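Heads up: the structure comes next, in structure tokens.
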Amino acid sequence: MDYDKIKGSVAVLISGGVDSAVVVHLLCEAGLKPDLHYIKIGMDGEYSSCSAEEDIELSQATARKYGLKLEVTDLQKEYWEQVVGYTIERIKLGLTPNPDVMCNRLIKFGAFEQKVGHNYDYIATGHYATNVERDGKMWLGTAKDPVKDQTDFLAQLSYERLSHTLFPIGHLMKDEVRQIALDAKLPSARRKDSQGICFLGKINYNDFIRRFMGEQEGKIIDIETGKVVGKHKGFWFHTIGQRKGLGLSGGPWFVVKKNVKKNIIFVANGWDTQLQYGHDFRLADFHYITEPLPVQKSEEPKPIQFKVRHVDHFMPGLISLDDEGYHIHSDAPIQGIAPGQFGCIYDAEATICYGSGEISIYKER
């Protein structure tokens with residue numbers, strides 16, 4: 001997209017990190033004068049961290065460098081009610097939630113849009129994704145850097161929001177983004193990339209979950225032998241495919257199943273255990289962005305690529321549709337298919353993202 005041809009007002013969602021700062025730089029280089037907005041969603045009190053203060057300081061420094069306006073929008077209440085509420089609800093059901101996906105859908109492209117974003121023609125972000133125009137329609141395109149690609153975090157966006165969202169760094173590799181920041185002497189040029197769930201920052205995930213769910217001792221059972229091999233403090237601390245944090249000797253051990261009613265974690269032993277893998281899963285309530293998935297009932301399965309979590313690669317597979325919904329099959333084994341996570345679907349070349357749906361069940365065919 002030629003940003004120097006953009007007509008209308010632009011807001012940048014700035015985070016204090018290097019990626020969104022480079023977005024500001026590129027838009028200014030194209031002759032635009034965007035307003036900068038920092039969304040405050042961090043937690044106060046016992047579970048707060050100092051990162052928000054540093055984020056805002058770096059965002060203010062970037063705004064001063066380019067003579068731009070910065071506004072801090074407090075969406076903590078909306079975040080707690082919507083995203084944290086969703087997270088805890090899914091955990092109680094024994095599912096593996098994805099707060100980052102819902103943060104984008106409900107907060108950055110939801111609550112912010114309702115409060116502030118509707119005043120602008122475009123919203124620009126530092127996500128690694130691209131805008132792809134085909135046949136007069138806008139599609140969510142994958143990033144040039146497959147390792148940094150973040151389309152799976154954006155796959156719950158509406159078409160209306162996508163049509164008014166800009167991804168200025170999606171055509172760049174991460175090292176190119178970092179070099180632009182260094183050359184432009186941006187305040188956050190040498191800042192490390194953030195890791196983990198968007199609202200936790202430096203907070204330990206298990207500590208956060210413990211606040212809401214507490215602890216309840218349960219058995220860890222070897223699914224192949226039926227023997228109790230250890231104890232855990234609550235199924236809600238564990239997810240399908242997990243290896244670390246089990247406290248078991250003679251590993252590696254992988255979580256392969258959970259019994260929510262009895263608070264039991266089932267594990268399998270060894271790097272080569274096939275019990276940690278599957279070949280099929282189903283998507284519930286699939287959300288498409290631009291057009292429905294290109295497969296109809298009774299048709300032969302269509303080739304696609306997919307992700308079942310935020311990873312640095314795409315996997316080839318086949319998609320079909322029946323009375324139960326969309327089914328994805330992969331000849332290659334898929335590690336750790338976790339119900340509750342989002343399955344994100346791409347075209348066969350992994351150039352555009354159709355959307356995503358929550359993984360509900362998986363089965364062997």
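A note on labels: chains of the structure tokens are A, B, ... as shown, every chain counts residues from 1, and ligands are counted from 1 in their shown order.
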
>> I need the residues of range 185-335 of chain A that end up classed as helix (DSSP H, G or I) by DSSP on the backbone, written out as a PyMOL selection string.
In response: chain A and resi 205-213+235-237+274-276

Go ahead and dump the residues you just picked, N, CA and C atoms, as a tab-separated table (two decimals), in the first residue's frame.
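Listed below is the output, part11.tsv:
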chain	number	residue	atom	x	y	z
A	205	TYR	N	2.08	-16.08	34.80
A	205	TYR	CA	0.75	-16.52	34.39
A	205	TYR	C	0.08	-17.38	35.46
A	206	ASN	N	0.83	-18.32	36.05
A	206	ASN	CA	0.24	-19.18	37.06
A	206	ASN	C	-0.18	-18.39	38.30
A	207	ASP	N	0.59	-17.36	38.66
A	207	ASP	CA	0.20	-16.52	39.80
A	207	ASP	C	-1.11	-15.82	39.51
A	208	PHE	N	-1.26	-15.38	38.27
A	208	PHE	CA	-2.50	-14.70	37.88
A	208	PHE	C	-3.69	-15.66	37.95
A	209	ILE	N	-3.53	-16.87	37.42
A	209	ILE	CA	-4.61	-17.85	37.44
A	209	ILE	C	-4.93	-18.27	38.87
A	210	ARG	N	-3.90	-18.39	39.70
A	210	ARG	CA	-4.10	-18.80	41.10
A	210	ARG	C	-5.00	-17.81	41.83
A	211	ARG	N	-4.90	-16.54	41.47
A	211	ARG	CA	-5.72	-15.52	42.12
A	211	ARG	C	-7.21	-15.82	41.94
A	212	PHE	N	-7.59	-16.33	40.78
A	212	PHE	CA	-9.01	-16.57	40.48
A	212	PHE	C	-9.44	-18.00	40.78
A	213	MET	N	-8.53	-18.95	40.58
A	213	MET	CA	-8.92	-20.36	40.67
A	213	MET	C	-8.41	-21.07	41.92
A	235	PHE	N	-5.98	-28.59	37.42
A	235	PHE	CA	-5.90	-28.80	35.96
A	235	PHE	C	-5.79	-27.48	35.21
A	236	TRP	N	-6.27	-26.39	35.83
A	236	TRP	CA	-6.28	-25.09	35.17
A	236	TRP	C	-4.90	-24.49	34.97
A	237	PHE	N	-3.90	-25.07	35.59
A	237	PHE	CA	-2.53	-24.60	35.38
A	237	PHE	C	-1.86	-25.27	34.18
A	274	GLN	N	3.64	-40.70	20.30
A	274	GLN	CA	2.65	-40.23	19.34
A	274	GLN	C	1.39	-39.70	20.02
A	275	LEU	N	1.29	-39.91	21.32
A	275	LEU	CA	0.09	-39.48	22.03
A	275	LEU	C	0.00	-37.96	22.19
A	276	GLN	N	1.14	-37.28	21.97
A	276	GLN	CA	1.10	-35.82	22.04
A	276	GLN	C	0.71	-35.20	20.70

Mind dumping a table of every range 223-325 of chain A residue within 12 Å of range 79-93 of chain A, with the nearest atom pair and its distance in Å to one decimal, using only C-alpha atoms, sorted by chain and rising number, as JSON lines?
{"residue": "A:Gly234", "atom": "CA", "partner": "A:Lys92", "partner_atom": "CA", "distance": 10.4}
{"residue": "A:Phe235", "atom": "CA", "partner": "A:Ile91", "partner_atom": "CA", "distance": 8.9}
{"residue": "A:Trp236", "atom": "CA", "partner": "A:Ile91", "partner_atom": "CA", "distance": 5.8}
{"residue": "A:Phe237", "atom": "CA", "partner": "A:Ile91", "partner_atom": "CA", "distance": 8.6}
{"residue": "A:His238", "atom": "CA", "partner": "A:Ile91", "partner_atom": "CA", "distance": 9.5}
{"residue": "A:Thr239", "atom": "CA", "partner": "A:Ile91", "partner_atom": "CA", "distance": 9.5}
{"residue": "A:Lys258", "atom": "CA", "partner": "A:Leu93", "partner_atom": "CA", "distance": 10.7}
{"residue": "A:Asn259", "atom": "CA", "partner": "A:Leu93", "partner_atom": "CA", "distance": 10.5}
{"residue": "A:Val260", "atom": "CA", "partner": "A:Leu93", "partner_atom": "CA", "distance": 7.3}
{"residue": "A:Lys261", "atom": "CA", "partner": "A:Leu93", "partner_atom": "CA", "distance": 9.5}
{"residue": "A:Asn263", "atom": "CA", "partner": "A:Lys92", "partner_atom": "CA", "distance": 11.1}

Output file for the residues above (N, CA and C atoms, as a short mmCIF file (atom, residue, chain, number, x, y, z; two decimals), in the first residue's frame):
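Output contents, as saved in again_5.cif:
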data_model
loop_
_atom_site.label_atom_id
_atom_site.label_comp_id
_atom_site.auth_asym_id
_atom_site.auth_seq_id
_atom_site.Cartn_x
_atom_site.Cartn_y
_atom_site.Cartn_z
N GLY A 234 -3.88 -28.25 40.21
CA GLY A 234 -5.12 -27.83 39.56
C GLY A 234 -4.99 -27.96 38.06
N PHE A 235 -5.98 -28.59 37.42
CA PHE A 235 -5.90 -28.80 35.96
C PHE A 235 -5.79 -27.48 35.21
N TRP A 236 -6.27 -26.39 35.83
CA TRP A 236 -6.28 -25.09 35.17
C TRP A 236 -4.90 -24.49 34.97
N PHE A 237 -3.90 -25.07 35.59
CA PHE A 237 -2.53 -24.60 35.38
C PHE A 237 -1.86 -25.27 34.18
N HIS A 238 -2.56 -26.19 33.53
CA HIS A 238 -1.93 -27.02 32.50
C HIS A 238 -2.73 -27.02 31.21
N THR A 239 -2.02 -27.19 30.09
CA THR A 239 -2.66 -27.20 28.78
C THR A 239 -2.16 -28.39 27.95
N LYS A 258 -6.97 -34.12 29.74
CA LYS A 258 -7.38 -33.65 31.07
C LYS A 258 -8.78 -34.18 31.39
N ASN A 259 -8.98 -34.58 32.65
CA ASN A 259 -10.32 -34.91 33.14
C ASN A 259 -10.71 -33.78 34.09
N VAL A 260 -11.54 -32.87 33.60
CA VAL A 260 -11.88 -31.67 34.35
C VAL A 260 -12.68 -32.02 35.59
N LYS A 261 -13.65 -32.93 35.48
CA LYS A 261 -14.52 -33.26 36.62
C LYS A 261 -13.73 -33.89 37.76
N ASN A 263 -10.35 -33.63 38.05
CA ASN A 263 -9.11 -32.88 38.26
C ASN A 263 -7.88 -33.77 38.06
#

> Residues at most 7 Å from range 342-355 of chain A, counting only C-alpha atoms, excluding those fewer than 6 positions away in the same chain, as a PyMOL selection string?
Replying inline: chain A and resi 139-142+151-152+155-156+283+287-290+293+303-309

Tell me, as a JSON list (two decimals) with C-alpha atoms, in the first residue's frame, which residues lie within 10 Å of Ile337 in chain A, counting only C-alpha atoms; anything in the same chain fewer than 4 positions away does not count.
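Generated file (result.json):
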[["chain", "number", "residue", "atom", "x", "y", "z"],
["A", 96, "THR", "CA", -6.92, -23.24, 26.65],
["A", 239, "THR", "CA", -2.66, -27.20, 28.78],
["A", 240, "ILE", "CA", -2.58, -29.92, 26.14],
["A", 241, "GLY", "CA", 0.93, -30.26, 24.68],
["A", 256, "VAL", "CA", -2.06, -35.23, 26.44],
["A", 276, "GLN", "CA", 1.10, -35.82, 22.04],
["A", 277, "TYR", "CA", 0.17, -35.57, 18.36],
["A", 278, "GLY", "CA", -3.02, -35.63, 16.33],
["A", 279, "HIS", "CA", -3.94, -35.34, 12.67],
["A", 280, "ASP", "CA", -7.47, -33.88, 12.84],
["A", 281, "PHE", "CA", -9.41, -31.17, 14.63],
["A", 308, "VAL", "CA", -3.24, -24.11, 15.90],
["A", 309, "ARG", "CA", -1.31, -21.66, 18.09],
["A", 341, "GLN", "CA", -7.18, -22.34, 21.22],
["A", 342, "PHE", "CA", -7.88, -20.80, 17.82],
["A", 343, "GLY", "CA", -7.28, -22.64, 14.58],
["A", 359, "ILE", "CA", -10.75, -25.67, 18.35],
["A", 360, "SER", "CA", -13.54, -27.76, 19.86],
["A", 361, "ILE", "CA", -12.68, -31.46, 19.46],
["A", 362, "TYR", "CA", -10.19, -33.52, 17.54]]

> Which residues come within 9 Å of Ser320 in chain A, counting only C-alpha atoms, excluding same-chain residues fewer than 4 positions away, as a VMD selection string?
Replying inline: chain A and resid 295 to 302 325 to 329

Just to be explicit: take each residue in the selection above, keep C-alpha atoms, and write the result as a short mmCIF file (atom, residue, chain, number, x, y, z; two decimals), in the first residue's frame.
data_model
loop_
_atom_site.label_atom_id
_atom_site.label_comp_id
_atom_site.auth_asym_id
_atom_site.auth_seq_id
_atom_site.Cartn_x
_atom_site.Cartn_y
_atom_site.Cartn_z
CA VAL A 295 -15.31 -25.33 0.59
CA GLN A 296 -18.91 -26.56 0.53
CA LYS A 297 -20.61 -29.64 1.99
CA SER A 298 -20.09 -32.85 0.00
CA GLU A 299 -17.13 -31.32 -1.85
CA GLU A 300 -13.69 -32.87 -1.88
CA PRO A 301 -11.40 -31.45 0.84
CA LYS A 302 -9.54 -28.30 -0.25
CA GLY A 325 -18.74 -28.01 10.83
CA TYR A 326 -15.27 -27.47 9.45
CA HIS A 327 -12.74 -30.27 9.79
CA ILE A 328 -9.01 -29.89 9.21
CA HIS A 329 -6.79 -32.85 8.47
#

> Quick one: DSSP strand (DSSP E or B) residues in range 125-217 of chain A, as JSON, numbers by chain?
Replying inline: {"A": [130, 131, 132, 133, 134, 137, 138, 139, 140, 141, 165, 166]}

File dump, residues just selected, C-alpha atoms, as a short mmCIF file (atom, residue, chain, number, x, y, z; two decimals), in the first residue's frame:
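Result written to out.cif:
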data_model
loop_
_atom_site.label_atom_id
_atom_site.label_comp_id
_atom_site.auth_asym_id
_atom_site.auth_seq_id
_atom_site.Cartn_x
_atom_site.Cartn_y
_atom_site.Cartn_z
CA THR A 130 -0.21 -6.96 5.42
CA ASN A 131 -3.14 -5.47 3.53
CA VAL A 132 -3.88 -7.42 0.33
CA GLU A 133 -6.36 -6.12 -2.25
CA ARG A 134 -7.96 -8.72 -4.53
CA LYS A 137 -11.83 -6.51 -1.64
CA MET A 138 -9.40 -6.22 1.24
CA TRP A 139 -7.83 -9.37 2.68
CA LEU A 140 -5.66 -9.94 5.73
CA GLY A 141 -2.29 -10.88 4.24
CA THR A 165 -6.49 -0.79 9.36
CA LEU A 166 -2.92 -0.28 8.14
#

> Could you name the residues that touch range 310-314 of chain A at 7 Å or less, counting only C-alpha atoms, but leaving out those on the same chain fewer than 6 positions away, as a PyMOL selection string?
Replying inline: chain A and resi 146-148+152

> Can you tell me, as a count of residues only, what residues are no more than 10 Å from Leu36 in chain A when counting only C-alpha atoms, ignoring any on the same chain fewer than 5 positions away?
Replying inline: 20

Report as a tab-separated table: every residue of range 65-141 of chain A with an atom at most 12 Å from range 173-185 of chain A, its closest pair of atoms, and their distance in Å to one decimal, counting only C-alpha atoms, with rows sorted by chain and ascending residue number.
residue	atom	partner	partner_atom	distance
A:Lys65	CA	A:Lys185	CA	9.6
A:Tyr66	CA	A:Ala184	CA	11.1
A:Gly126	CA	A:Val177	CA	10.3
A:His127	CA	A:Lys174	CA	11.1
A:Tyr128	CA	A:Lys174	CA	8.9
A:Ala129	CA	A:Met173	CA	11.1

Store the residues picked out above in a file with C-alpha atoms, as a PDB file, in the first residue's frame.
ATOM      1  CA  LYS A  65      10.521  13.501  18.132  1.00  0.00           C
ATOM      2  CA  TYR A  66       7.965  13.898  15.343  1.00  0.00           C
ATOM      3  CA  GLY A 126       2.778  -2.470  14.549  1.00  0.00           C
ATOM      4  CA  HIS A 127       1.463  -5.948  13.826  1.00  0.00           C
ATOM      5  CA  TYR A 128       3.377  -8.144  11.399  1.00  0.00           C
ATOM      6  CA  ALA A 129       0.646  -8.535   8.767  1.00  0.00           C
TER       7      ALA A 129
END

> So how far away is CA of Phe167 in chain A from CA of Gly357 in chain A, in Å?
Replying inline: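 According to the coordinates, CA of Gly357 in chain A and CA of Phe167 in chain A are separated by 22.7 Å.
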
> CA of Val23 in chain A and CA of Ile169 in chain A, how far apart in Å?
Replying inline: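 Taking CA of Ile169 in chain A as the start and CA of Val23 in chain A as the end point, the length is 6.5 Å.
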